[in-house]
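K.L.:
First the structure, which I've put down as structure tokens, then a few questions once you've had a look.
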Amino acid sequence: MPASVLILAAIAIGCIPAASILAAASWPRRSPAAAILLWQALGLGWGLAAIGALVGFGAAGQGAAVASSAVRQLASFAGTGTSPPVADLTEAVRMLCLAAGIALLGVLCWILLAASASVLRARQRQRELLNLLAHGDPKVPGALVVDHPAATAYCLPGLRSAIVISAGTLELLDADELAAVLAHERAHLRERHDLVLLPFLALLRAFRWAEVARQAYQAVELLVEMHADDLALRQRPARELATALLRVGAAGGGGVPSGALGAAHREQECEVAARVIRLLRPAPGLSNAALAIIIAASAVVAAVPAVLLVLPLR
Amino acid sequence: MDVLWESADPLSVREVSGLLTDRELAHTTVMTVLDRLAKKGFARRERNGRAWHYRAAESREAYVTELMLSALDQTGDRQAALARFARSVSGTEAQALLRALGALGGAARG
């Protein structure tokens, strides 16, 4: 078996415990932006390595790089007709692996498209409803206000983005806290955090049974919030953001049927507390050396599988 | 749309135009808007004699509730459609948060 296939398999398997370790680590909170980069690299590296290992094993013996040998192997199967001769067990296993690799590639692409489509549909519906229901308010310039007693604030990402604040939130927070909320939401929109989350949502949909997919999604979601908090701090003092978080967190859901707020509750409970603690007692950011290591590790994790896929290696 | 919500009976295009007194809108403009609302399912229309009559498909409150529910839903994929400022927490946690808030207030004054 070519060395490249073994390396790809090792990376694909190694990414899974690495993700669990990263999800449990505490340093990402000190530099959310760097941690998000590492998560993205880990996700991309895993996908490439898993597909590459399966396809590469299936196509082994055809020589050259994994990607080109897979194409050649497919061509040879096609050349021998619809039912290629299954000479022995190894050959059958190889074909299965090749099929599994191609299926994985297809599933990942399909799920990403499906997740994007459902997200876009939900946003479109939100926009239509907001067009009919929302109005502006001088207290929150640039944001849309919906008359509802529940305290909630969110942003609707996209080309035509919007920040939505409920009337309940307007009543609950003072002017400074509202400004902090707006700064936080604007940071989400500017950084396109929705695009960061989308691939992890797709992974979660594809592998609902996998604990590690859930861990990854939740970890990235929290990091994205913390990153937006950090960006908001450049404009507003930490206190305003912290008290706004506490007030909205404690009051949220008021006036909404309790059945609507559901299952995800228990696991997520400490999220607001974690963000507030981080705002009020900030840990020092990671050193430049540590950041350089994280960036280098991200580059390696994403680039090695990609290189192994296209470079011939025996 | 507000006009439709406030009216108990289905309204014709002419009646809607008449009720939109604050704005000078051409009859055809109102017709186009109502037609678009009907296509999107926000308004229902029925033929009454020669003219179409429009009424709101759902009450304003129903739409506000839908909007808020999808914003507050913490379970589904909707999470990714929009980013919420703070996830709400359950009773005991909320009390802990409020205590922390009280402590913060005290520190500020002290």
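Every chain in the structure tokens takes a letter, A first, then B, and so on in the order presented; its residues are numbered from 1, and the ligands are numbered from 1 following the presented order.
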Can you pull out the residues contacting B:Arg45? Cut-off 12 Å, using only C-alpha atoms, and skip same-chain residues under 5 positions away; I want them as a ChimeraX atom specification.
P.N.:
/B:4,9-13,31,34-40,51-57
K.L.:
Rounded to one decimal, what separation in Å do you get between atom CA of A:His148 and atom CA of A:His188?
P.N.:
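These two atoms are separated by 23.2 Å.
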K.L.:
Which of these, B:Ser59, B:Ala103, B:Leu67, B:Thr32, has the shortest distance to chain A once you count only C-alpha atoms?
P.N.:
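Once distances to chain A are computed over only C-alpha atoms, the minimum belongs to B:Leu67.
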K.L.:
Could you pull the residues within 7 Å of stretch 189-201 of chain A, counting only C-alpha atoms, minus those fewer than 6 positions along the same chain, as a ChimeraX atom specification?
P.N.:
/A:112,157,217,220-221,224 /B:80
K.L.:
Can you spit out the residues from that selection as a tab-separated table (two decimals), in the first residue's frame, using C-alpha atoms?
P.N.:
chain	number	residue	atom	x	y	z
A	112	LEU	CA	-23.28	21.22	2.52
A	157	PRO	CA	-26.66	37.41	7.96
A	217	TYR	CA	-20.40	22.47	16.23
A	220	VAL	CA	-17.22	26.65	17.09
A	221	GLU	CA	-20.56	28.27	17.90
A	224	VAL	CA	-17.81	32.64	17.22
B	80	ALA	CA	-27.32	28.82	11.76
K.L.:
Mind giving me the straight-line distance from atom CA of A:Glu91 to atom CA of A:Ala50 in Å, one decimal?
P.N.:
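One can read the atom CA of A:Glu91 to atom CA of A:Ala50 distance as 19.8 Å.
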K.L.:
Fewer than 6 positions away in the same chain doesn't count, so skip those; otherwise give me all residues within 6 Å of A:Val145, counting only C-alpha atoms, as a list of chain:residue names.
P.N.:
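Residues meeting the cut-off are A:Ala134, A:His135, A:Gly136, A:Val164, A:Ile165, A:Ser166.
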K.L.:
For each of A:Leu108, A:Val5, A:Val181, A:Val300, take the minimum atom-to-atom distance to chain B, counting only C-alpha atoms, then give the residue where this is smallest.
P.N.:
A:Val181
K.L.:
Tell me which of A:Ala115, A:Leu173, A:Leu279, A:Ala299 sits closest to chain B, counting only C-alpha atoms.
P.N.:
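Checking each candidate against chain B, we get A:Ala115 as the closest.
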K.L.:
Could you please determine the separation between atom CA of A:Ser26 and atom CA of A:Ala297 in Å, to one decimal place?
P.N.:
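Interatomic distance here is 17.5 Å.
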K.L.:
Could you find all residues in stretch 14-227 of chain A that DSSP calls alpha helix (DSSP H) from the backbone, and write them as a ChimeraX atom specification?
P.N.:
/A:14-24,32-58,66-79,89-133,167-172,175-191,193-206,211-227
